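Trainee: I have a structure here, written as structure tokens, and I will follow up with some questions on it.
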Number of protein chains: 2
Amino acid sequence: MTIHDVARLAEVSTATVSRVLSGGKPVSDQVADRVRAAAAEVGYRPNPAAQTLLRGSSQTIGVVAPDLGNPYFAEILKGISAEAAAEGNHTLVAGTDEDPDREYRAALELARWVDGLLLCAPRMSGPRLKEVAAASRKLVLINRVLRHPSVGAVVVDYHHGVRLLCEHLGTLGHKHIVYLEGPPKAWSDQQRQRGFRAAEAAGQTIVRVPCGSALRDGYDAVDEALTHRPTALIAFNDHVAVGVLSRLRELGVSVPDDVSVAGVDDAPMSAHTDPGLTTYAVSTVELGRLAWQHFSPTAPAITTHLAGELVVRASTGRATRRRR
Amino acid sequence: MTIHDVARLAEVSTATVSRVLSGGKPVSDQVADRVRAAAAEVGYRPNPAAQTLLRGSSQTIGVVAPDLGNPYFAEILKGISAEAAAEGNHTLVAGTDEDPDREYRAALELARWVDGLLLCAPRMSGPRLKEVAAASRKLVLINRVLRHPSVGAVVVDYHHGVRLLCEHLGTLGHKHIVYLEGPPKAWSDQQRQRGFRAAEAAGQTIVRVPCGSALRDGYDAVDEALTHRPTALIAFNDHVAVGVLSRLRELGVSVPDDVSVAGVDDAPMSAHTDPGLTTYAVSTVELGRLAWQHFSPTAPAITTHLAGELVVRASTGRATRRRR
DNA sequence: ATTCGGCAGGAAAAGGTTTACACGCCTGCG
DNA sequence: CGCAGGCGTGTAAACCTTTTCCTGCCGAAT
């Protein structure tokens, strides 16, 4: 089952077998046919480990994400792995369950294997991130920036997104808004916070309630959020917002009549909730495509900014007087 | 950055370095410290390709799924990769976009790399599946059975699930049910069909409407489904059912007052739709755990059956007279 | 005192592939 | 007719690690 077996069977050298199958220098048709026949007969396929060892490239990229169950990351993974597969690359994946420490270890571990590493929304500290950058041949970040000469990134402009959402709500008369915060270490949460500070400067009241990034987090945070008597809720992302809608329905709070709800990201299901979710729409397809481009050997180590757009659906409406 | 550099720096042989770092035969403390210091100084980490070549094992499993964006597969991937990571294994992933041909090629490709291959709901033909089984060191299937002496599988009892759903609907007086079919090649769809045949034998009328496995498929299939004037709809899975609910809402069809809706799988969001989705609940955590167990070298090549349970939520109610 | 056993560490092979270099033959040109 | 060059093929090195086998040394036992 090795190249030697094929060579012996075809009565040629291993070099010739390699040339026929991997296409190097020209080989006479007669010999090539014999080799191909022999290879087919024993069902020969080259050993990838040996190829990797020699070439120094595994034709593989690594993807690390905080939560593979989150549709946002699942979509990104789907996109990037499709792009990779189209060019004959493989995708090695690791979930970290939002644990910065596991994330760090997983990244270092994968770095040795892969040609390039994609870190989705990394939570680890800056110094550790630089360590990972040094350990990996190519590092690309999604939704995190890092001042480093060899690291590419593609980030969504959440600052802009939050401002759009707040302006939209402002136009509808909302002055008291609760923001259900994402994971504390998340860079993308900090970007949203910047947007909220701008909204505060513009006269809106923003109350921050700790929450998280999962559906269940949103569901659980609603009760506390309502104690602040907001006229509108903005969730860290759409996944959270779905949980929020669900809990509000349970409590008999009407959306958007009693309270408006908005999310961020435009998850696939967001158009299908009841009511449809107003959100800041980001194309995960585009995100995956841009991230993939950063892996090209010639790609410059720059940060690409990706703007989304406001999608208004039925979950936001005119502000009514504060409840209770 | 190779073991030779460390050996030279510590003034020992490469064999000793390997013994210190990978723990083989005993090494004197004095030498061991010198090696560890040298390794730390140059930040040495063994080359995984070389280790793989030598050991014949990559400490990696491969996962192939029809659609990584489908929460069902995303959850399974999350579970299996977590299990794998806990034992120091990596996860290589490939999406196939429901294309049996790409699935076949991806499986063969991955088979050379990995210690074990997990095929989620494979759509490829039986003969091809056997080919993949022969090419891989260990093959485990999810939601597909194959008569083969070395292939393990874990399958959900969809036949049972559909019968439970139909009985539940029967109790509520439903006699005219539309089933929104899954992908034609899917084994798990055929299992559901068996369940429906049992329901037909019990006197219910089942009309089959081609649909698919994605949210959008459900949304698109509703209009045709309604032409059959059913009192209840059963979707291939919950993902599809969410699309169904959305389209019904758009059409002003009330659930469950005008028509009942049920899904299969109990996706994370199913408890949070409006109305909550009646479904046949399957634990993806359990599914992942069982699949992982099959990768143990001592695991027998058997098919494990996993039963779910009926979860009744608000989307199913008493049958009313047929609309229109 | 000599031999044997045990222990620490070194040399070298094996794992499978690709590719630079070398070699031989044939052809074409001087 | 002789030499050079090109084409097709073989040989062997390189990629990096682990592990087997072996060597040399020291202490203990006969």
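In the structure tokens, the first chain shown is A, the next is B, and so on; residue numbers restart at 1 for each chain, and ligands run from 1 in the order shown.
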DG8 (chain D): which residues within 9 Å, counting only C-alpha atoms (C1' of nucleotides), same-chain residues fewer than 4 positions away excluded, as a list in words?

Mentor: Pro26, Val27 and Ser28 of chain A

Trainee: Give me, as JSON lines, the closest atom pair and its distance (Å, one decimal) for every residue of chain C within a cut-off of 12 Å of chain A, counting only C-alpha atoms (C1' of nucleotides), rows sorted by chain and rising number.

Mentor:
```
{"residue": "C:DG15", "atom": "C1'", "partner": "A:Ala50", "partner_atom": "CA", "distance": 8.2}
{"residue": "C:DG16", "atom": "C1'", "partner": "A:Ala50", "partner_atom": "CA", "distance": 5.2}
{"residue": "C:DT17", "atom": "C1'", "partner": "A:Ala50", "partner_atom": "CA", "distance": 5.3}
{"residue": "C:DT18", "atom": "C1'", "partner": "A:Leu54", "partner_atom": "CA", "distance": 6.9}
{"residue": "C:DT19", "atom": "C1'", "partner": "A:Ala15", "partner_atom": "CA", "distance": 8.3}
{"residue": "C:DA20", "atom": "C1'", "partner": "A:Ala15", "partner_atom": "CA", "distance": 11.6}
```

Trainee: If we count only C-alpha atoms (C1' of nucleotides), which residues of chain D reach to within 10 Å of chain B? Please list them as number ranges by chain.

Mentor: D: 15-19

Trainee: May I have the residues within 12 Å of region 22-28 of chain D as a list in words, using only C-alpha atoms (C1' of nucleotides) and disregarding those fewer than 3 positions away in the same chain?

Mentor: DT2, DT3, DC4, DG5, DG6, DC7, DA8, DG9, DG10, DA11 and DA12 of chain C

Trainee: At what distance in Å, to one decimal, does CA of Ala134 (chain A) lie from CA of Ala111 (chain A)?

Mentor: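 So the two atoms, CA of Ala111 (chain A) and CA of Ala134 (chain A), lie 9.5 Å apart.
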
Trainee: Starting from chain A, keep only residues with some atom at most 7 Å from an atom of chain B, counting only C-alpha atoms, and report them as an MDAnalysis selection string.

Mentor: chainID A and resid 47:50 52:53 68:69 71 74:75 78 81:82 91:95 112:113 242:243 246 272:274

Trainee: Please give chain A as a short mmCIF file (atom, residue, chain, number, x, y, z; two decimals) with C-alpha atoms, in the first residue's frame, after it has been superposed on chain B by least squares over all Cα atoms paired in order.

Mentor:
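File superposed14.cif, as written:
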```cif
data_model
loop_
_atom_site.label_atom_id
_atom_site.label_comp_id
_atom_site.auth_asym_id
_atom_site.auth_seq_id
_atom_site.Cartn_x
_atom_site.Cartn_y
_atom_site.Cartn_z
CA MET A 1 13.43 24.27 15.93
CA THR A 2 13.83 20.50 15.53
CA ILE A 3 14.65 17.90 18.08
CA HIS A 4 18.25 18.01 16.87
CA ASP A 5 18.58 21.64 17.85
CA VAL A 6 17.37 20.85 21.33
CA ALA A 7 19.69 17.86 21.56
CA ARG A 8 22.70 19.92 20.50
CA LEU A 9 21.83 22.68 22.94
CA ALA A 10 21.38 20.27 25.84
CA GLU A 11 24.42 18.25 24.72
CA VAL A 12 22.54 14.98 24.62
CA SER A 13 21.24 12.71 21.88
CA THR A 14 17.88 13.18 20.17
CA ALA A 15 16.72 9.95 21.75
CA THR A 16 17.14 11.41 25.19
CA VAL A 17 15.26 14.53 24.25
CA SER A 18 12.41 12.44 23.00
CA ARG A 19 12.41 10.36 26.17
CA VAL A 20 12.31 13.43 28.39
CA LEU A 21 9.51 15.12 26.50
CA SER A 22 7.40 12.14 25.52
CA GLY A 23 8.20 10.11 28.60
CA GLY A 24 9.63 6.77 27.57
CA LYS A 25 12.33 5.10 29.56
CA PRO A 26 13.62 6.86 32.67
CA VAL A 27 16.15 9.67 32.37
CA SER A 28 18.30 11.09 35.16
CA ASP A 29 16.90 14.24 36.70
CA GLN A 30 19.99 16.23 35.90
CA VAL A 31 19.83 15.49 32.19
CA ALA A 32 16.06 15.85 32.10
CA ASP A 33 16.28 19.36 33.52
CA ARG A 34 18.90 20.33 30.99
CA VAL A 35 16.71 19.05 28.17
CA ARG A 36 13.63 20.79 29.43
CA ALA A 37 15.52 24.03 29.76
CA ALA A 38 16.86 23.74 26.23
CA ALA A 39 13.42 22.88 24.85
CA ALA A 40 11.87 25.84 26.59
CA GLU A 41 14.61 28.15 25.41
CA VAL A 42 14.02 27.47 21.73
CA GLY A 43 10.29 26.90 22.19
CA TYR A 44 10.49 23.43 20.76
CA ARG A 45 7.33 21.54 19.86
CA PRO A 46 7.49 18.21 18.02
CA ASN A 47 6.54 18.16 14.37
CA PRO A 48 3.13 16.46 14.22
CA ALA A 49 3.62 15.19 10.68
CA ALA A 50 6.77 13.33 11.68
CA GLN A 51 5.03 11.86 14.72
CA THR A 52 2.10 10.80 12.61
CA LEU A 53 4.32 9.22 10.01
CA LEU A 54 6.13 7.18 12.59
CA ARG A 55 3.26 6.23 14.86
CA GLY A 56 0.82 5.63 12.08
CA SER A 57 -1.76 7.58 14.02
CA SER A 58 -2.64 11.22 13.67
CA GLN A 59 -4.70 11.54 16.85
CA THR A 60 -7.38 12.97 14.64
CA ILE A 61 -10.90 11.99 13.71
CA GLY A 62 -12.81 13.17 10.68
CA VAL A 63 -16.40 14.33 10.69
CA VAL A 64 -18.45 14.62 7.52
CA ALA A 65 -21.87 16.24 7.62
CA PRO A 66 -24.36 17.24 4.92
CA ASP A 67 -24.85 20.75 6.28
CA LEU A 68 -22.70 22.35 8.95
CA GLY A 69 -25.21 25.20 9.21
CA ASN A 70 -27.91 22.86 10.42
CA PRO A 71 -28.09 23.14 14.22
CA TYR A 72 -28.50 19.38 14.49
CA PHE A 73 -25.15 18.67 12.88
CA ALA A 74 -23.53 21.68 14.49
CA GLU A 75 -24.48 20.31 17.88
CA ILE A 76 -23.16 16.87 17.04
CA LEU A 77 -19.92 18.37 15.79
CA LYS A 78 -19.64 20.43 18.93
CA GLY A 79 -20.18 17.37 21.09
CA ILE A 80 -17.84 15.03 19.28
CA SER A 81 -15.05 17.58 18.97
CA ALA A 82 -15.29 18.31 22.69
CA GLU A 83 -15.07 14.61 23.51
CA ALA A 84 -12.18 14.22 21.13
CA ALA A 85 -10.30 17.22 22.50
CA ALA A 86 -10.71 15.92 26.04
CA GLU A 87 -8.59 12.93 25.05
CA GLY A 88 -6.07 14.93 23.07
CA ASN A 89 -7.56 14.27 19.66
CA HIS A 90 -8.26 16.70 16.88
CA THR A 91 -11.25 17.00 14.62
CA LEU A 92 -11.11 17.35 10.87
CA VAL A 93 -14.38 18.48 9.40
CA ALA A 94 -16.01 18.57 5.99
CA GLY A 95 -19.40 19.79 4.86
CA THR A 96 -20.93 18.35 1.72
CA ASP A 97 -23.87 20.64 0.96
CA GLU A 98 -26.08 17.57 0.70
CA ASP A 99 -24.15 16.38 -2.35
CA PRO A 100 -23.60 12.58 -2.19
CA ASP A 101 -20.74 12.81 -4.64
CA ARG A 102 -18.83 15.41 -2.67
CA GLU A 103 -19.58 13.41 0.42
CA TYR A 104 -17.98 10.34 -1.09
CA ARG A 105 -14.89 12.20 -2.20
CA ALA A 106 -14.53 14.02 1.10
CA ALA A 107 -14.83 10.77 3.03
CA LEU A 108 -12.17 9.02 0.95
CA GLU A 109 -9.88 12.00 1.21
CA LEU A 110 -10.24 12.29 4.97
CA ALA A 111 -9.94 8.56 5.47
CA ARG A 112 -6.21 8.64 4.73
CA TRP A 113 -5.63 11.35 7.29
CA VAL A 114 -7.57 10.29 10.29
CA ASP A 115 -7.68 7.51 12.82
CA GLY A 116 -11.43 7.31 12.58
CA LEU A 117 -14.16 8.70 10.40
CA LEU A 118 -17.61 9.80 11.50
CA LEU A 119 -20.18 10.11 8.76
CA CYS A 120 -23.29 12.02 9.79
CA ALA A 121 -26.40 10.97 7.94
CA PRO A 122 -24.49 9.87 4.83
CA ARG A 123 -26.40 10.12 1.56
CA MET A 124 -24.04 8.07 -0.57
CA SER A 125 -24.95 4.68 -1.93
CA GLY A 126 -24.39 1.45 -0.02
CA PRO A 127 -21.57 0.18 -2.25
CA ARG A 128 -19.71 3.46 -1.99
CA LEU A 129 -20.19 3.42 1.74
CA LYS A 130 -18.55 0.01 1.85
CA GLU A 131 -15.71 1.38 -0.20
CA VAL A 132 -15.23 4.13 2.37
CA ALA A 133 -15.40 1.55 5.12
CA ALA A 134 -12.58 -0.37 3.46
CA ALA A 135 -10.51 2.76 3.04
CA SER A 136 -10.83 3.97 6.60
CA ARG A 137 -9.29 2.55 9.71
CA LYS A 138 -12.44 2.95 11.70
CA LEU A 139 -15.82 4.04 10.43
CA VAL A 140 -18.77 5.16 12.50
CA LEU A 141 -22.09 6.24 11.09
CA ILE A 142 -24.78 8.42 12.52
CA ASN A 143 -28.33 7.78 11.34
CA ARG A 144 -27.50 5.15 8.79
CA VAL A 145 -27.06 1.43 9.07
CA LEU A 146 -24.77 -0.72 6.97
CA ARG A 147 -24.29 -4.45 7.06
CA HIS A 148 -20.54 -4.56 7.38
CA PRO A 149 -18.34 -6.36 9.87
CA SER A 150 -16.27 -3.37 10.96
CA VAL A 151 -18.64 -0.43 10.89
CA GLY A 152 -20.19 0.95 14.03
CA ALA A 153 -23.28 3.10 13.98
CA VAL A 154 -25.56 5.00 16.25
CA VAL A 155 -29.02 5.57 14.94
CA VAL A 156 -32.01 7.40 16.29
CA ASP A 157 -35.22 5.43 16.24
CA TYR A 158 -37.14 7.73 13.92
CA HIS A 159 -39.66 5.03 13.17
CA HIS A 160 -40.60 5.11 16.82
CA GLY A 161 -40.52 8.90 16.85
CA VAL A 162 -42.93 9.28 13.98
CA ARG A 163 -45.28 6.76 15.51
CA LEU A 164 -45.29 8.68 18.77
CA LEU A 165 -46.03 11.91 16.93
CA CYS A 166 -48.81 10.34 14.89
CA GLU A 167 -50.37 8.74 17.94
CA HIS A 168 -50.19 12.03 19.78
CA LEU A 169 -51.89 13.76 16.86
CA GLY A 170 -54.38 10.92 16.57
CA THR A 171 -55.37 11.37 20.18
CA LEU A 172 -56.07 15.00 19.36
CA GLY A 173 -58.33 13.93 16.51
CA HIS A 174 -56.02 14.51 13.56
CA LYS A 175 -56.70 12.23 10.59
CA HIS A 176 -55.29 14.27 7.72
CA ILE A 177 -51.59 14.86 8.08
CA VAL A 178 -49.03 16.21 5.65
CA TYR A 179 -45.47 15.00 6.00
CA LEU A 180 -42.82 17.38 4.66
CA GLU A 181 -40.23 14.95 3.40
CA GLY A 182 -36.48 15.21 3.93
CA PRO A 183 -33.73 14.69 1.36
CA PRO A 184 -34.68 11.76 -0.89
CA LYS A 185 -31.49 9.78 -0.30
CA ALA A 186 -31.59 10.13 3.44
CA TRP A 187 -31.81 6.89 5.34
CA SER A 188 -33.38 8.69 8.26
CA ASP A 189 -36.18 9.90 6.00
CA GLN A 190 -36.89 6.32 5.04
CA GLN A 191 -37.15 5.40 8.70
CA ARG A 192 -39.69 8.13 9.18
CA GLN A 193 -41.60 6.84 6.15
CA ARG A 194 -41.83 3.44 7.84
CA GLY A 195 -43.42 5.14 10.80
CA PHE A 196 -45.93 6.86 8.57
CA ARG A 197 -46.89 3.62 6.91
CA ALA A 198 -47.71 2.27 10.33
CA ALA A 199 -49.84 5.35 10.96
CA GLU A 200 -51.63 4.80 7.67
CA ALA A 201 -52.35 1.24 8.64
CA ALA A 202 -53.88 2.66 11.79
CA GLY A 203 -56.30 4.74 9.76
CA GLN A 204 -54.63 8.12 9.41
CA THR A 205 -54.18 9.78 6.03
CA ILE A 206 -50.63 10.85 5.29
CA VAL A 207 -49.86 13.05 2.31
CA ARG A 208 -46.21 13.38 1.43
CA VAL A 209 -44.86 16.67 0.13
CA PRO A 210 -41.24 16.94 -1.05
CA CYS A 211 -39.36 19.42 1.06
CA GLY A 212 -35.80 19.10 2.35
CA SER A 213 -33.81 19.57 5.52
CA ALA A 214 -33.23 23.32 5.74
CA LEU A 215 -35.23 26.11 7.26
CA ARG A 216 -35.89 27.67 3.89
CA ASP A 217 -37.16 24.35 2.51
CA GLY A 218 -39.88 24.30 5.13
CA TYR A 219 -40.85 27.88 4.44
CA ASP A 220 -41.14 27.14 0.74
CA ALA A 221 -43.11 23.91 1.07
CA VAL A 222 -45.96 25.26 3.17
CA ASP A 223 -48.09 26.59 0.33
CA GLU A 224 -48.18 23.27 -1.46
CA ALA A 225 -48.77 21.44 1.80
CA LEU A 226 -51.85 23.53 2.52
CA THR A 227 -53.44 22.61 -0.81
CA HIS A 228 -53.96 19.17 0.69
CA ARG A 229 -56.01 20.71 3.50
CA PRO A 230 -54.32 18.89 6.39
CA THR A 231 -55.18 19.42 10.03
CA ALA A 232 -51.59 18.78 11.00
CA LEU A 233 -48.10 19.10 9.51
CA ILE A 234 -45.10 17.03 10.47
CA ALA A 235 -41.78 18.42 9.31
CA PHE A 236 -38.69 16.35 8.54
CA ASN A 237 -36.92 18.10 11.41
CA ASP A 238 -37.22 21.09 13.70
CA HIS A 239 -35.14 23.30 11.46
CA VAL A 240 -37.71 22.82 8.72
CA ALA A 241 -40.53 23.25 11.19
CA VAL A 242 -39.29 26.71 12.15
CA GLY A 243 -39.57 27.73 8.52
CA VAL A 244 -43.02 26.23 8.41
CA LEU A 245 -44.22 28.19 11.45
CA SER A 246 -42.87 31.35 9.92
CA ARG A 247 -44.70 30.91 6.62
CA LEU A 248 -47.93 29.91 8.34
CA ARG A 249 -47.79 33.08 10.40
CA GLU A 250 -47.34 35.11 7.22
CA LEU A 251 -50.36 33.44 5.71
CA GLY A 252 -52.44 34.16 8.80
CA VAL A 253 -52.87 30.49 9.58
CA SER A 254 -53.02 30.05 13.32
CA VAL A 255 -51.01 27.32 15.03
CA PRO A 256 -52.37 25.16 16.55
CA ASP A 257 -55.92 26.50 16.12
CA ASP A 258 -56.07 26.11 12.35
CA VAL A 259 -53.34 23.56 11.90
CA SER A 260 -51.00 21.70 14.23
CA VAL A 261 -47.26 21.49 13.56
CA ALA A 262 -44.69 19.04 14.81
CA GLY A 263 -40.99 18.59 14.20
CA VAL A 264 -38.31 16.03 14.89
CA ASP A 265 -35.00 16.35 16.79
CA ASP A 266 -35.70 19.01 19.43
CA ALA A 267 -33.30 21.67 18.21
CA PRO A 268 -32.09 24.20 20.79
CA MET A 269 -34.47 26.81 19.48
CA SER A 270 -37.53 24.58 19.45
CA ALA A 271 -38.45 25.45 23.00
CA HIS A 272 -38.28 29.11 22.05
CA THR A 273 -40.40 29.36 18.94
CA ASP A 274 -43.91 30.75 19.05
CA PRO A 275 -45.71 28.53 19.67
CA GLY A 276 -43.23 26.11 21.23
CA LEU A 277 -42.67 23.16 18.94
CA THR A 278 -43.98 19.70 19.68
CA THR A 279 -41.22 17.35 18.65
CA TYR A 280 -39.47 14.05 19.05
CA ALA A 281 -36.56 14.96 21.29
CA VAL A 282 -33.17 13.42 20.64
CA SER A 283 -30.20 14.26 22.79
CA THR A 284 -27.37 15.39 20.54
CA VAL A 285 -25.08 15.27 23.55
CA GLU A 286 -25.89 11.62 24.03
CA LEU A 287 -25.55 11.05 20.30
CA GLY A 288 -22.08 12.58 20.28
CA ARG A 289 -21.05 10.65 23.35
CA LEU A 290 -22.19 7.33 21.92
CA ALA A 291 -20.52 8.07 18.61
CA TRP A 292 -17.28 8.83 20.39
CA GLN A 293 -17.43 5.58 22.32
CA HIS A 294 -17.54 3.73 19.02
CA PHE A 295 -14.09 5.08 18.22
CA SER A 296 -12.52 3.26 21.12
CA PRO A 297 -10.23 0.55 19.68
CA THR A 298 -12.03 -2.04 21.73
CA ALA A 299 -15.51 -0.93 20.70
CA PRO A 300 -17.45 -3.63 18.90
CA ALA A 301 -18.79 -2.86 15.44
CA ILE A 302 -22.41 -2.69 16.39
CA THR A 303 -25.37 -0.47 15.72
CA THR A 304 -26.54 1.37 18.80
CA HIS A 305 -30.14 2.46 18.85
CA LEU A 306 -31.04 5.66 20.56
CA ALA A 307 -34.62 6.34 21.51
CA GLY A 308 -35.90 9.86 21.91
CA GLU A 309 -39.04 10.97 23.61
CA LEU A 310 -42.13 12.91 22.73
CA VAL A 311 -42.04 16.51 23.86
CA VAL A 312 -45.43 18.15 23.65
CA ARG A 313 -45.45 21.90 23.39
CA ALA A 314 -47.99 24.41 22.18
CA SER A 315 -47.75 23.83 18.42
CA THR A 316 -50.07 20.84 18.50
CA GLY A 317 -53.68 21.00 19.61
CA ARG A 318 -57.08 19.49 19.04
CA ALA A 319 -57.99 19.02 15.40
CA THR A 320 -60.60 21.36 13.99
CA ARG A 321 -62.59 20.74 10.84
CA ARG A 322 -60.54 20.93 7.68
CA ARG A 323 -60.03 24.47 6.42
CA ARG A 324 -61.29 26.02 3.19
#
```

Trainee: How many Å separate C1' of DC29 (chain C) from C1' of DC7 (chain D)?

Mentor: 17.4 Å

Trainee: Enumerate the residues of region 95-130 of chain A with a DSSP assignment of helix (DSSP H, G or I), computed from the backbone, and present them as JSON, numbers by chain.

Mentor: {"A": [100, 101, 102, 103, 104, 105, 106, 107, 108, 109, 110, 111, 112, 113, 126, 127, 128, 129, 130]}

Trainee: Could those residues be written to a file, using N, CA and C atoms, as a short mmCIF file (atom, residue, chain, number, x, y, z; two decimals), in the first residue's frame?

Mentor:
```cif
data_model
loop_
_atom_site.label_atom_id
_atom_site.label_comp_id
_atom_site.auth_asym_id
_atom_site.auth_seq_id
_atom_site.Cartn_x
_atom_site.Cartn_y
_atom_site.Cartn_z
N PRO A 100 -11.20 30.96 27.83
CA PRO A 100 -10.00 31.56 27.22
C PRO A 100 -8.77 30.66 27.36
N ASP A 101 -8.73 29.91 28.42
CA ASP A 101 -7.56 29.06 28.65
C ASP A 101 -7.54 27.89 27.65
N ARG A 102 -8.69 27.26 27.51
CA ARG A 102 -8.76 26.17 26.52
C ARG A 102 -8.52 26.70 25.13
N GLU A 103 -9.00 27.91 24.90
CA GLU A 103 -8.80 28.53 23.60
C GLU A 103 -7.32 28.68 23.28
N TYR A 104 -6.59 29.15 24.28
CA TYR A 104 -5.15 29.36 24.12
C TYR A 104 -4.45 28.04 23.84
N ARG A 105 -4.78 27.04 24.62
CA ARG A 105 -4.13 25.75 24.44
C ARG A 105 -4.50 25.13 23.09
N ALA A 106 -5.76 25.23 22.73
CA ALA A 106 -6.19 24.67 21.45
C ALA A 106 -5.48 25.37 20.29
N ALA A 107 -5.35 26.67 20.39
CA ALA A 107 -4.71 27.43 19.31
C ALA A 107 -3.25 27.02 19.16
N LEU A 108 -2.54 26.91 20.27
CA LEU A 108 -1.13 26.51 20.21
C LEU A 108 -0.98 25.10 19.65
N GLU A 109 -1.88 24.24 20.07
CA GLU A 109 -1.83 22.86 19.62
C GLU A 109 -2.06 22.77 18.10
N LEU A 110 -3.10 23.45 17.66
CA LEU A 110 -3.43 23.42 16.24
C LEU A 110 -2.36 24.10 15.39
N ALA A 111 -1.73 25.10 15.97
CA ALA A 111 -0.78 25.91 15.20
C ALA A 111 0.31 25.04 14.56
N ARG A 112 0.73 24.00 15.25
CA ARG A 112 1.79 23.14 14.72
C ARG A 112 1.31 22.31 13.53
N TRP A 113 0.03 22.06 13.50
CA TRP A 113 -0.52 21.19 12.48
C TRP A 113 -0.78 21.90 11.16
N GLY A 126 -4.24 39.75 25.09
CA GLY A 126 -3.39 40.23 24.00
C GLY A 126 -2.03 39.55 23.95
N PRO A 127 -1.31 39.49 25.06
CA PRO A 127 0.01 38.84 25.05
C PRO A 127 -0.06 37.39 24.58
N ARG A 128 -1.05 36.67 25.06
CA ARG A 128 -1.18 35.28 24.63
C ARG A 128 -1.47 35.19 23.15
N LEU A 129 -2.28 36.14 22.69
CA LEU A 129 -2.62 36.16 21.27
C LEU A 129 -1.35 36.36 20.44
N LYS A 130 -0.48 37.20 20.94
CA LYS A 130 0.79 37.42 20.22
C LYS A 130 1.65 36.17 20.23
#
```

Trainee: DSSP on the backbone: what in region 265-309 of chain B comes out strand (DSSP E or B), as a list in words?

Mentor: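 Written out, the strand (DSSP E or B) residues of region 265-309 of chain B are Asp265, Thr278, Thr279, Tyr280, Ala281, Thr303, Thr304, His305, Leu306 and Glu309 of chain B.
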